[in-house]
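Here is the file protein-v5.txt (compact mmCIF, C-alpha atoms (C1' of nucleotides)).
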# COMPACT_ATOMS: atom_id res chain seq x y z
CA MET P 858 -79.72 -58.79 -44.10
CA ALA P 859 -82.79 -60.80 -43.43
CA ASN P 860 -80.61 -61.50 -40.54
CA ILE P 861 -82.51 -62.40 -37.42
CA SER P 862 -79.93 -60.92 -35.09
CA GLU P 863 -80.38 -57.59 -36.73
CA LEU P 864 -84.14 -57.78 -36.49
CA ILE P 865 -83.88 -58.56 -32.82
CA GLU P 866 -81.45 -55.71 -32.36
CA ARG P 867 -83.81 -53.26 -34.03
CA TYR P 868 -86.76 -54.58 -32.10
CA ILE P 869 -85.02 -54.01 -28.80
CA LYS P 870 -83.82 -50.56 -29.78
CA ASN P 871 -87.36 -49.74 -30.70
CA LEU P 872 -88.56 -50.83 -27.33
CA LEU P 873 -85.94 -48.62 -25.76
CA GLN P 874 -87.12 -45.65 -27.77
CA GLU P 875 -90.72 -46.15 -26.86
CA SER P 876 -90.10 -46.67 -23.19
CA GLN P 877 -89.79 -43.25 -21.64
CA GLY P 878 -86.79 -44.28 -19.57
CA ASP P 879 -83.52 -45.69 -20.73
CA SER P 880 -84.14 -49.33 -20.04
CA VAL P 881 -86.36 -52.21 -21.05
CA GLU P 882 -87.08 -55.51 -19.49
CA LEU P 883 -87.88 -58.64 -21.41
CA GLN P 884 -87.94 -62.39 -21.20
CA ARG P 885 -85.49 -64.44 -23.12
CA ASN P 886 -87.73 -67.36 -23.96
CA GLU P 887 -90.59 -65.14 -24.95
CA LEU P 888 -88.46 -63.05 -27.27
CA ALA P 889 -86.90 -66.15 -28.78
CA ALA P 890 -90.34 -67.57 -29.43
CA GLN P 891 -91.44 -64.33 -30.99
CA PHE P 892 -88.58 -64.46 -33.47
CA ARG P 893 -88.63 -68.23 -33.76
CA CYS P 894 -85.02 -68.66 -32.86
CA VAL P 895 -83.23 -70.55 -30.14
CA PRO P 896 -82.98 -68.70 -26.83
CA SER P 897 -79.24 -68.53 -26.95
CA GLN P 898 -79.46 -66.32 -30.00
CA ILE P 899 -80.80 -63.64 -27.73
CA ASN P 900 -77.58 -63.87 -25.78
CA TYR P 901 -75.65 -63.58 -28.99
CA VAL P 902 -77.46 -60.39 -29.89
CA LEU P 903 -76.95 -59.01 -26.43
CA SER P 904 -73.27 -59.72 -26.34
CA THR P 905 -72.57 -58.39 -29.81
CA ARG P 906 -74.85 -55.35 -29.87
CA PHE P 907 -75.74 -54.43 -26.35
CA ASN P 908 -72.37 -54.71 -24.68
CA ILE P 909 -70.55 -52.04 -22.79
CA GLU P 910 -68.53 -50.86 -25.76
CA ASN P 911 -71.80 -50.06 -27.43
CA GLY P 912 -73.05 -48.22 -24.40
CA PHE P 913 -75.35 -50.76 -22.86
CA VAL P 914 -75.45 -52.76 -19.71
CA VAL P 915 -77.43 -55.95 -19.38
CA GLU P 916 -78.72 -57.26 -16.10
CA SER P 917 -80.57 -60.50 -15.73
CA ARG P 918 -82.03 -62.99 -13.37
CA ARG P 919 -82.69 -66.69 -13.81
CA GLY P 920 -85.38 -68.82 -12.32
CA GLY P 921 -89.07 -68.24 -11.97
CA GLY P 922 -89.95 -64.68 -12.82
CA GLY P 923 -86.56 -64.29 -14.46
CA TYR P 924 -85.88 -61.40 -16.80
CA ILE P 925 -83.34 -59.59 -18.89
CA ARG P 926 -83.01 -55.85 -18.44
CA ILE P 927 -81.18 -53.76 -20.99
CA VAL P 928 -80.01 -50.38 -19.85
CA LYS P 929 -78.73 -47.71 -22.15
CA ILE P 930 -75.88 -45.70 -20.74
CA PRO P 931 -76.23 -42.06 -21.61
CA LEU P 932 -73.26 -41.91 -23.89
CA GLU P 933 -71.22 -38.81 -23.39
CA GLN P 934 -69.57 -37.00 -26.24
CA GLN P 935 -66.52 -38.28 -28.01
CA GLY P 936 -64.32 -35.83 -26.21
CA ASP P 937 -65.42 -37.00 -22.83
CA PRO P 938 -62.30 -37.67 -20.79
CA ALA P 939 -64.02 -40.57 -19.14
CA VAL P 940 -64.42 -42.42 -22.41
CA GLN P 941 -60.85 -41.73 -23.41
CA ILE P 942 -59.56 -43.07 -20.18
CA TYR P 943 -61.72 -46.12 -20.53
CA ARG P 944 -60.03 -46.82 -23.83
CA LEU P 945 -56.63 -46.22 -22.29
CA VAL P 946 -56.95 -49.23 -20.08
CA GLY P 947 -56.77 -51.88 -22.75
CA GLU P 948 -56.54 -55.62 -22.28
CA GLU P 949 -53.70 -55.63 -19.81
CA ILE P 950 -52.38 -53.05 -17.44
CA ASN P 951 -49.79 -53.07 -14.72
CA GLN P 952 -50.16 -51.57 -11.30
CA SER P 953 -48.29 -48.36 -11.89
CA GLN P 954 -50.06 -47.59 -15.13
CA ALA P 955 -53.34 -48.18 -13.35
CA GLU P 956 -52.33 -45.93 -10.50
CA ASN P 957 -51.53 -43.16 -12.94
CA ILE P 958 -54.92 -43.42 -14.48
CA ILE P 959 -56.61 -43.36 -11.11
CA LYS P 960 -54.63 -40.36 -10.07
CA ARG P 961 -55.68 -38.55 -13.15
CA LEU P 962 -59.31 -39.45 -12.65
CA ALA P 963 -59.17 -38.04 -9.16
CA GLU P 964 -57.41 -34.90 -10.31
CA GLU P 965 -60.04 -34.32 -12.93
CA GLU P 966 -62.62 -34.91 -10.23
CA LEU P 967 -64.26 -37.62 -12.19
CA ILE P 968 -64.10 -39.79 -9.12
CA THR P 969 -64.10 -38.90 -5.45
CA LEU P 970 -61.27 -39.48 -3.05
CA ARG P 971 -63.03 -42.43 -1.53
CA GLU P 972 -63.67 -43.92 -4.93
CA ALA P 973 -60.03 -43.50 -5.79
CA GLN P 974 -59.13 -45.41 -2.65
CA ILE P 975 -61.44 -48.21 -3.67
CA PHE P 976 -59.93 -48.32 -7.13
CA ARG P 977 -56.44 -48.45 -5.72
CA ALA P 978 -57.31 -51.19 -3.31
CA VAL P 979 -58.73 -53.31 -6.11
CA ILE P 980 -55.89 -52.92 -8.58
CA ASP P 981 -53.20 -53.54 -5.99
CA ARG P 982 -51.14 -56.57 -6.82
CA ASN P 983 -51.61 -57.88 -3.32
CA SER P 984 -55.35 -57.89 -3.75
CA LEU P 985 -55.22 -59.69 -7.04
CA ARG P 986 -53.23 -62.70 -5.97
CA LEU P 987 -52.59 -64.07 -9.40
CA ASP P 988 -49.40 -64.56 -11.34
CA LEU P 989 -48.53 -62.53 -14.37
CA PRO P 990 -49.71 -62.19 -17.03
CA TRP P 991 -53.16 -63.11 -15.72
CA ARG P 992 -52.89 -60.51 -13.03
CA ASP P 993 -52.45 -57.65 -15.48
CA SER P 994 -55.33 -58.92 -17.47
CA LEU P 995 -57.62 -59.23 -14.47
CA ARG P 996 -56.57 -55.76 -13.34
CA ALA P 997 -57.45 -54.27 -16.71
CA ASN P 998 -60.75 -56.01 -16.59
CA LEU P 999 -61.59 -54.82 -13.12
CA LEU P 1000 -60.51 -51.29 -13.87
CA ARG P 1001 -62.72 -51.25 -16.92
CA VAL P 1002 -65.79 -52.52 -15.12
CA MET P 1003 -65.23 -50.04 -12.30
CA LEU P 1004 -64.97 -47.20 -14.77
CA ALA P 1005 -68.10 -48.41 -16.49
CA ALA P 1006 -69.89 -48.50 -13.16
CA VAL P 1007 -68.96 -44.93 -12.47
CA PHE P 1008 -69.66 -43.52 -15.90
CA ARG P 1009 -72.94 -45.24 -15.96
CA GLN P 1010 -74.46 -42.69 -13.63
CA SER P 1011 -74.79 -39.19 -14.88
CA MET H 835 -92.85 -60.08 -12.17
CA ALA H 836 -95.15 -63.00 -11.92
CA ASN H 837 -93.01 -63.75 -9.01
CA ILE H 838 -94.83 -64.37 -5.77
CA SER H 839 -91.72 -64.35 -3.63
CA GLU H 840 -91.02 -60.81 -4.64
CA LEU H 841 -94.53 -59.71 -3.83
CA ILE H 842 -94.28 -61.25 -0.43
CA GLU H 843 -90.93 -59.60 0.13
CA ARG H 844 -92.33 -56.21 -0.73
CA TYR H 845 -95.39 -56.78 1.39
CA ILE H 846 -93.29 -57.54 4.43
CA LYS H 847 -90.99 -54.59 3.82
CA ASN H 848 -94.02 -52.42 3.59
CA LEU H 849 -95.26 -53.68 6.90
CA LEU H 850 -91.88 -52.89 8.39
CA GLN H 851 -92.01 -49.38 7.06
CA GLU H 852 -95.45 -48.73 8.38
CA SER H 853 -94.79 -50.13 11.79
CA GLN H 854 -92.78 -47.34 13.35
CA GLY H 855 -90.41 -49.80 15.00
CA ASP H 856 -88.06 -52.16 13.27
CA SER H 857 -89.97 -55.38 13.59
CA VAL H 858 -93.17 -56.98 12.47
CA GLU H 859 -94.99 -60.06 13.55
CA LEU H 860 -97.07 -62.23 11.30
CA GLN H 861 -98.52 -65.66 10.90
CA ARG H 862 -97.16 -68.02 8.36
CA ASN H 863 -100.39 -69.73 7.39
CA GLU H 864 -102.29 -66.53 7.20
CA LEU H 865 -99.74 -64.88 4.97
CA ALA H 866 -99.56 -67.95 2.76
CA ALA H 867 -103.32 -67.94 2.40
CA GLN H 868 -103.28 -64.26 1.56
CA PHE H 869 -100.85 -64.88 -1.29
CA ARG H 870 -102.32 -68.25 -2.19
CA CYS H 871 -99.09 -70.11 -1.88
CA VAL H 872 -97.91 -73.00 0.22
CA PRO H 873 -96.73 -72.06 3.70
CA SER H 874 -93.21 -73.19 3.04
CA GLN H 875 -92.86 -70.48 0.46
CA ILE H 876 -92.91 -68.01 3.29
CA ASN H 877 -89.85 -69.72 4.68
CA TYR H 878 -88.23 -69.50 1.30
CA VAL H 879 -88.78 -65.78 1.20
CA LEU H 880 -87.51 -65.38 4.72
CA SER H 881 -84.35 -67.32 4.11
CA THR H 882 -83.50 -65.64 0.84
CA ARG H 883 -84.48 -62.06 1.62
CA PHE H 884 -84.61 -61.64 5.35
CA ASN H 885 -81.42 -63.37 6.33
CA ILE H 886 -78.54 -61.96 8.28
CA GLU H 887 -76.58 -60.71 5.28
CA ASN H 888 -79.56 -58.60 4.49
CA GLY H 889 -79.66 -57.33 8.02
CA PHE H 890 -82.63 -59.19 9.38
CA VAL H 891 -83.22 -61.70 12.10
CA VAL H 892 -86.26 -63.93 12.20
CA GLU H 893 -87.69 -65.31 15.38
CA SER H 894 -90.62 -67.64 15.49
CA ARG H 895 -92.73 -69.85 17.59
CA ARG H 896 -94.78 -72.90 16.71
CA GLY H 897 -97.97 -74.16 18.21
CA GLY H 898 -101.15 -72.38 19.10
CA GLY H 899 -100.69 -68.64 18.89
CA GLY H 900 -97.51 -69.20 16.95
CA TYR H 901 -95.94 -66.35 15.06
CA ILE H 902 -93.04 -65.19 12.97
CA ARG H 903 -91.28 -62.03 13.97
CA ILE H 904 -89.00 -60.27 11.56
CA VAL H 905 -86.54 -57.87 13.08
CA LYS H 906 -84.41 -55.45 11.18
CA ILE H 907 -80.96 -55.09 12.69
CA PRO H 908 -79.48 -51.68 12.04
CA LEU H 909 -75.75 -51.85 11.59
CA GLU H 910 -74.74 -49.03 13.87
CA GLN H 911 -76.10 -50.90 16.82
CA GLN H 912 -73.36 -53.24 17.81
CA GLY H 913 -69.97 -51.70 17.59
CA ASP H 914 -67.98 -50.92 14.51
CA PRO H 915 -69.95 -51.64 11.37
CA ALA H 916 -66.78 -52.20 9.44
CA VAL H 917 -65.75 -55.02 11.70
CA GLN H 918 -69.12 -56.67 11.52
CA ILE H 919 -69.25 -56.62 7.78
CA TYR H 920 -65.70 -57.73 7.59
CA ARG H 921 -66.65 -60.82 9.51
CA LEU H 922 -69.63 -61.46 7.32
CA VAL H 923 -67.43 -61.61 4.28
CA GLY H 924 -65.14 -64.38 5.45
CA GLU H 925 -62.56 -66.19 3.36
CA GLU H 926 -64.92 -67.04 0.54
CA ILE H 927 -68.12 -65.49 -0.60
CA ASN H 928 -70.42 -66.07 -3.52
CA GLN H 929 -71.89 -63.41 -5.71
CA SER H 930 -75.34 -63.30 -4.24
CA GLN H 931 -74.11 -63.12 -0.67
CA ALA H 932 -71.82 -60.30 -1.67
CA GLU H 933 -74.65 -58.51 -3.42
CA ASN H 934 -76.76 -58.74 -0.31
CA ILE H 935 -74.02 -57.19 1.75
CA ILE H 936 -73.50 -54.39 -0.74
CA LYS H 937 -77.19 -53.69 -0.88
CA ARG H 938 -77.25 -53.39 2.82
CA LEU H 939 -74.25 -51.08 2.99
CA ALA H 940 -75.99 -48.79 0.55
CA GLU H 941 -79.25 -48.95 2.44
CA GLU H 942 -77.48 -48.04 5.62
CA GLU H 943 -75.76 -45.23 3.77
CA LEU H 944 -72.33 -46.42 4.66
CA ILE H 945 -71.46 -46.25 1.00
CA THR H 946 -72.87 -44.12 -1.79
CA LEU H 947 -74.86 -45.38 -4.72
CA ARG H 948 -71.91 -44.94 -7.01
CA GLU H 949 -69.67 -46.82 -4.65
CA ALA H 950 -72.19 -49.61 -4.50
CA GLN H 951 -72.11 -49.82 -8.29
CA ILE H 952 -68.35 -50.07 -8.21
CA PHE H 953 -68.50 -52.80 -5.61
CA ARG H 954 -71.05 -54.73 -7.62
CA ALA H 955 -69.02 -54.46 -10.78
CA VAL H 956 -65.96 -55.82 -9.04
CA ILE H 957 -67.61 -58.78 -7.36
CA ASP H 958 -69.49 -59.85 -10.47
CA ARG H 959 -68.50 -63.32 -11.59
CA ASN H 960 -68.02 -62.03 -15.09
CA SER H 961 -65.46 -59.54 -13.92
CA LEU H 962 -63.54 -62.09 -11.91
CA ARG H 963 -63.13 -64.68 -14.64
CA LEU H 964 -61.79 -67.43 -12.48
CA ASP H 965 -63.16 -70.86 -11.75
CA LEU H 966 -64.56 -71.80 -8.40
CA PRO H 967 -63.48 -72.01 -5.69
CA TRP H 968 -60.74 -69.48 -6.45
CA ARG H 969 -63.32 -67.04 -7.66
CA ASP H 970 -65.17 -66.97 -4.34
CA SER H 971 -61.92 -66.54 -2.57
CA LEU H 972 -60.77 -63.67 -4.78
CA ARG H 973 -64.17 -62.06 -4.41
CA ALA H 974 -63.96 -62.19 -0.63
CA ASN H 975 -60.52 -60.70 -0.80
CA LEU H 976 -61.53 -57.86 -3.07
CA LEU H 977 -64.62 -57.11 -1.07
CA ARG H 978 -62.54 -56.93 2.06
CA VAL H 979 -59.96 -54.59 0.61
CA MET H 980 -62.68 -52.36 -0.79
CA LEU H 981 -64.36 -52.22 2.57
CA ALA H 982 -61.08 -51.42 4.21
CA ALA H 983 -60.49 -48.64 1.72
CA VAL H 984 -63.82 -47.09 2.52
CA PHE H 985 -63.83 -47.49 6.25
CA ARG H 986 -60.25 -46.47 6.74
CA GLN H 987 -61.23 -42.88 6.26
CA SER H 988 -64.23 -42.69 8.54
C1' DC X 893 -101.31 -83.53 36.60
C1' DT X 894 -100.99 -86.13 32.15
C1' DC X 895 -102.10 -87.44 27.78
C1' DG X 896 -103.59 -86.47 23.33
C1' DC X 897 -104.94 -83.50 19.85
C1' DA X 898 -105.34 -79.18 17.37
C1' DA X 899 -102.77 -75.41 15.77
C1' DT X 900 -98.81 -73.64 14.47
C1' DG X 901 -94.22 -73.26 12.25
C1' DG X 902 -89.74 -75.91 9.93
C1' DT X 903 -87.05 -78.82 6.58
C1' DC X 904 -85.87 -80.84 2.61
C1' DA X 905 -86.01 -82.71 -1.78
C1' DA X 906 -88.39 -82.85 -6.21
C1' DT X 907 -89.86 -80.20 -10.02
C1' DA X 908 -90.72 -76.11 -12.72
C1' DA X 909 -89.29 -71.87 -14.74
C1' DT X 910 -86.01 -69.11 -16.17
C1' DG X 911 -81.53 -67.47 -18.13
C1' DG X 912 -76.14 -68.69 -19.53
C1' DT X 913 -72.17 -70.89 -21.97
C1' DC X 914 -69.70 -72.96 -25.38
C1' DA X 915 -68.54 -74.88 -29.51
C1' DA X 916 -69.95 -76.99 -33.87
C1' DA X 917 -72.30 -76.03 -38.14
C1' DT X 918 -73.66 -72.78 -41.43
C1' DT X 919 -73.84 -68.54 -43.88
C1' DT X 920 -71.98 -64.14 -45.37
C1' DA X 921 -68.39 -60.84 -46.31
C1' DT X 922 -63.60 -59.76 -47.97
C1' DA C 465 -60.50 -69.26 -50.21
C1' DT C 466 -60.46 -67.38 -45.75
C1' DA C 467 -62.15 -64.99 -42.17
C1' DA C 468 -65.92 -63.18 -39.72
C1' DA C 469 -70.58 -63.30 -38.29
C1' DT C 470 -74.62 -65.90 -37.38
C1' DT C 471 -77.40 -69.82 -36.10
C1' DT C 472 -78.20 -73.98 -33.35
C1' DG C 473 -78.32 -77.21 -29.83
C1' DA C 474 -76.55 -79.80 -25.95
C1' DC C 475 -75.60 -79.09 -21.39
C1' DC C 476 -75.26 -75.99 -17.24
C1' DA C 477 -76.75 -72.65 -13.33
C1' DT C 478 -79.95 -70.15 -10.65
C1' DT C 479 -84.32 -69.00 -8.58
C1' DA C 480 -89.04 -70.17 -7.44
C1' DT C 481 -92.83 -73.28 -6.27
C1' DT C 482 -94.82 -77.28 -4.14
C1' DG C 483 -95.76 -80.98 -1.09
C1' DA C 484 -94.74 -84.72 2.02
C1' DC C 485 -93.24 -85.30 6.44
C1' DC C 486 -91.36 -83.38 10.94
C1' DA C 487 -91.32 -80.47 15.47
C1' DT C 488 -93.23 -77.55 19.00
C1' DT C 489 -96.68 -75.41 21.80
C1' DG C 490 -101.03 -74.67 24.13
C1' DC C 491 -105.26 -76.44 25.87
C1' DG C 492 -108.74 -79.49 27.49
C1' DA C 493 -110.55 -83.96 28.87
C1' DG C 494 -109.91 -87.40 32.11
Take the structure in this file and express it as structure tokens.
Amino acid sequence: MANISELIERYIKNLLQESQGDSVELQRNELAAQFRCVPSQINYVLSTRFNIENGFVVESRRGGGGYIRIVKIPLEQQGDPAVQIYRLVGEEINQSQAENIIKRLAEEELITLREAQIFRAVIDRNSLRLDLPWRDSLRANLLRVMLAAVFRQS
Amino acid sequence: MANISELIERYIKNLLQESQGDSVELQRNELAAQFRCVPSQINYVLSTRFNIENGFVVESRRGGGGYIRIVKIPLEQQGDPAVQIYRLVGEEINQSQAENIIKRLAEEELITLREAQIFRAVIDRNSLRLDLPWRDSLRANLLRVMLAAVFRQS
DNA sequence: CTCGCAATGGTCAATAATGGTCAAATTTAT
DNA sequence: ATAAATTTGACCATTATTGACCATTGCGAG
């Protein structure tokens, strides 16, 4: 466990603790230099430890003045219906299953009516214009990122 | 943010705020001198941040007494905002164009912050997982159906 | 009035400064 | 021995900065 990825992970989580808010901003090259690793290792750490399943969202920008921002999503309790529903989606989902989930979300008032309309528009097979099974996979993906977007606020 | 373009952007937006109206006038060389950059960088900032997707129009004049006028175009002004935006989207759209449009919709309070997050999540290239040019086409399609979903009700 | 120059702004392509992806190689865990 | 996780590096993509060269406008000198 003199494992660089873990060191980087802890370093970033430390930064997050120290920064009053719930996000930190850093530079990939700088961090890589600090830990004497290749820059792409930073991406590895981000994708394995700071992904959405772990409750983080990463935003970044390339080019001059580029940055990587890591945002911690205030993780609700285990029993949170939102989280359960998120898990329900899975890797593939068909339109009617998705509609059921959206209906439930609206009923539980986790999303507004307008938001429900947006969700429905997106997961509609006519919007997706792909053949199965790619369509079901794209739908699951989109539903998951939409849910993440919503749950991300508090 | 050792990023001059961003500083210039904020400076101009500040000017716009302070000037009661919705336009400001400035001189390219002067501004460039103020920020110690080459004059053409001003054009770069204008074309990336004050373009039509972002809701701005730039007028200018060369020669003695030349100037650059930046005008903010509020959406409500010319007819149905939905229709205008719809046109802006077109048959294909890339991520950054789409982000500009979403930013603007939120600024104009035509969509909520949460809705903007949903939109952004959907149009993200990582969510779409398709190669170009199909990705840009799917993105345009999804953006259009989302807009329709939102505007249908108002 | 006309020509020429000074004072502006515009374009475009090269280069710099970042970050991203993917898969092979290596190491560690089961 | 396999499978999983980590480490690396070659190549790619995006955004910003710079500078050489171009275009337009206003103003005087003839």
Using only C-alpha atoms, find each residue of chain P with at least one atom at most 7 Å away from an atom of chain H; report its shortest atom-to-atom pair and that distance in Å (one decimal), sort the rows by chain and rising residue number, and return the result as a tab-separated table.
residue	atom	partner	partner_atom	distance
P:Gly921	CA	H:Asn837	CA	6.7
P:Gly922	CA	H:Asn837	CA	5.0
P:Arg971	CA	H:Val984	CA	6.2
P:Glu972	CA	H:Glu949	CA	6.7
P:Gln974	CA	H:Ala983	CA	5.6
P:Ile975	CA	H:Met980	CA	5.2
P:Ala978	CA	H:Val979	CA	5.8
P:Val979	CA	H:Leu976	CA	6.1
P:Ser984	CA	H:Leu976	CA	6.2
P:Asn998	CA	H:Ser961	CA	6.5
P:Leu999	CA	H:Val956	CA	6.1
P:Val1002	CA	H:Ala955	CA	5.7
P:Met1003	CA	H:Ile952	CA	5.1
P:Ala1006	CA	H:Ile952	CA	5.4
P:Val1007	CA	H:Arg948	CA	6.2
What would the file look like if the residues just selected were written as a CSV table (one decimal), in the frame of the given file with C-alpha atoms?
chain,number,residue,atom,x,y,z
P,921,GLY,CA,-89.1,-68.2,-12.0
P,922,GLY,CA,-90.0,-64.7,-12.8
P,971,ARG,CA,-63.0,-42.4,-1.5
P,972,GLU,CA,-63.7,-43.9,-4.9
P,974,GLN,CA,-59.1,-45.4,-2.6
P,975,ILE,CA,-61.4,-48.2,-3.7
P,978,ALA,CA,-57.3,-51.2,-3.3
P,979,VAL,CA,-58.7,-53.3,-6.1
P,984,SER,CA,-55.4,-57.9,-3.8
P,998,ASN,CA,-60.8,-56.0,-16.6
P,999,LEU,CA,-61.6,-54.8,-13.1
P,1002,VAL,CA,-65.8,-52.5,-15.1
P,1003,MET,CA,-65.2,-50.0,-12.3
P,1006,ALA,CA,-69.9,-48.5,-13.2
P,1007,VAL,CA,-69.0,-44.9,-12.5
Residue among C:DA480, C:DA474, C:DC485, C:DA469 lying closest to chain P, counting all atoms listed in the file: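 Residue with the minimum atom-to-atom distance to chain P: C:DA480.
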Please check the contacts: residues of chain P at most 7 Å away from chain C, using only C-alpha atoms (C1' of nucleotides), listed as an mmCIF file with C-alpha atoms, in the coordinates of the input.
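Result file out-v7.cif:
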data_model
loop_
_atom_site.group_PDB
_atom_site.id
_atom_site.type_symbol
_atom_site.label_atom_id
_atom_site.label_comp_id
_atom_site.auth_asym_id
_atom_site.auth_seq_id
_atom_site.Cartn_x
_atom_site.Cartn_y
_atom_site.Cartn_z
ATOM 1 C CA VAL P 895 -83.230 -70.550 -30.140
ATOM 2 C CA ARG P 919 -82.690 -66.690 -13.810
ATOM 3 C CA GLY P 920 -85.380 -68.820 -12.320
ATOM 4 C CA GLY P 921 -89.070 -68.240 -11.970
#
Neighbour list for Leu872 in chain P as a VMD selection string, cut-off 12 Å, all atoms listed in the file, skip fewer than 2 positions in-chain: chain P and resid 865 to 870 874 to 883 926 to 929
Chain P contacts to chain X at 9 Å (all atoms listed in the file) as number ranges by chain: P: 884-886, 896-897, 900, 917-925
Spatial sel., origin (-57.2, -42.6, -18.3), limit 12 Å, only C-alpha atoms (C1' of nucleotides), listed as a PyMOL selection string: chain P and resi 937-947+950+954-965+967-968+997+1000-1001+1004
For the residues in the current selection, export C-alpha atoms as a PDB file, keeping the file's coordinate frame.
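Output contents, as saved in result-v9.pdb:
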ATOM      1  CA  ASP P 937     -65.420 -37.000 -22.830  1.00  0.00           C
ATOM      2  CA  PRO P 938     -62.300 -37.670 -20.790  1.00  0.00           C
ATOM      3  CA  ALA P 939     -64.020 -40.570 -19.140  1.00  0.00           C
ATOM      4  CA  VAL P 940     -64.420 -42.420 -22.410  1.00  0.00           C
ATOM      5  CA  GLN P 941     -60.850 -41.730 -23.410  1.00  0.00           C
ATOM      6  CA  ILE P 942     -59.560 -43.070 -20.180  1.00  0.00           C
ATOM      7  CA  TYR P 943     -61.720 -46.120 -20.530  1.00  0.00           C
ATOM      8  CA  ARG P 944     -60.030 -46.820 -23.830  1.00  0.00           C
ATOM      9  CA  LEU P 945     -56.630 -46.220 -22.290  1.00  0.00           C
ATOM     10  CA  VAL P 946     -56.950 -49.230 -20.080  1.00  0.00           C
ATOM     11  CA  GLY P 947     -56.770 -51.880 -22.750  1.00  0.00           C
ATOM     12  CA  ILE P 950     -52.380 -53.050 -17.440  1.00  0.00           C
ATOM     13  CA  GLN P 954     -50.060 -47.590 -15.130  1.00  0.00           C
ATOM     14  CA  ALA P 955     -53.340 -48.180 -13.350  1.00  0.00           C
ATOM     15  CA  GLU P 956     -52.330 -45.930 -10.500  1.00  0.00           C
ATOM     16  CA  ASN P 957     -51.530 -43.160 -12.940  1.00  0.00           C
ATOM     17  CA  ILE P 958     -54.920 -43.420 -14.480  1.00  0.00           C
ATOM     18  CA  ILE P 959     -56.610 -43.360 -11.110  1.00  0.00           C
ATOM     19  CA  LYS P 960     -54.630 -40.360 -10.070  1.00  0.00           C
ATOM     20  CA  ARG P 961     -55.680 -38.550 -13.150  1.00  0.00           C
ATOM     21  CA  LEU P 962     -59.310 -39.450 -12.650  1.00  0.00           C
ATOM     22  CA  ALA P 963     -59.170 -38.040  -9.160  1.00  0.00           C
ATOM     23  CA  GLU P 964     -57.410 -34.900 -10.310  1.00  0.00           C
ATOM     24  CA  GLU P 965     -60.040 -34.320 -12.930  1.00  0.00           C
ATOM     25  CA  LEU P 967     -64.260 -37.620 -12.190  1.00  0.00           C
ATOM     26  CA  ILE P 968     -64.100 -39.790  -9.120  1.00  0.00           C
ATOM     27  CA  ALA P 997     -57.450 -54.270 -16.710  1.00  0.00           C
ATOM     28  CA  LEU P1000     -60.510 -51.290 -13.870  1.00  0.00           C
ATOM     29  CA  ARG P1001     -62.720 -51.250 -16.920  1.00  0.00           C
ATOM     30  CA  LEU P1004     -64.970 -47.200 -14.770  1.00  0.00           C
TER      31      LEU P1004
END
Exercise on range 961-971 of chain P, axis-aligned box with 3 Å per side, report centre and edge lengths in Å to one decimal, as lines of an AutoDock Vina configuration file:
center_x = -60.0
center_y = -38.4
center_z = -7.3
size_x = 14.6
size_y = 14.1
size_z = 17.6
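Atom pair CA of Ile909 in chain P / CA of Ala890 in chain P: separated by 26.0 Å.
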Length of the CA of Ser881 in chain H to CA of Glu926 in chain H vector [Å]: 19.8 Å
For CA of Ile907 in chain H and CA of Gly889 in chain H, the interatomic separation in Å (one decimal): 5.3 Å
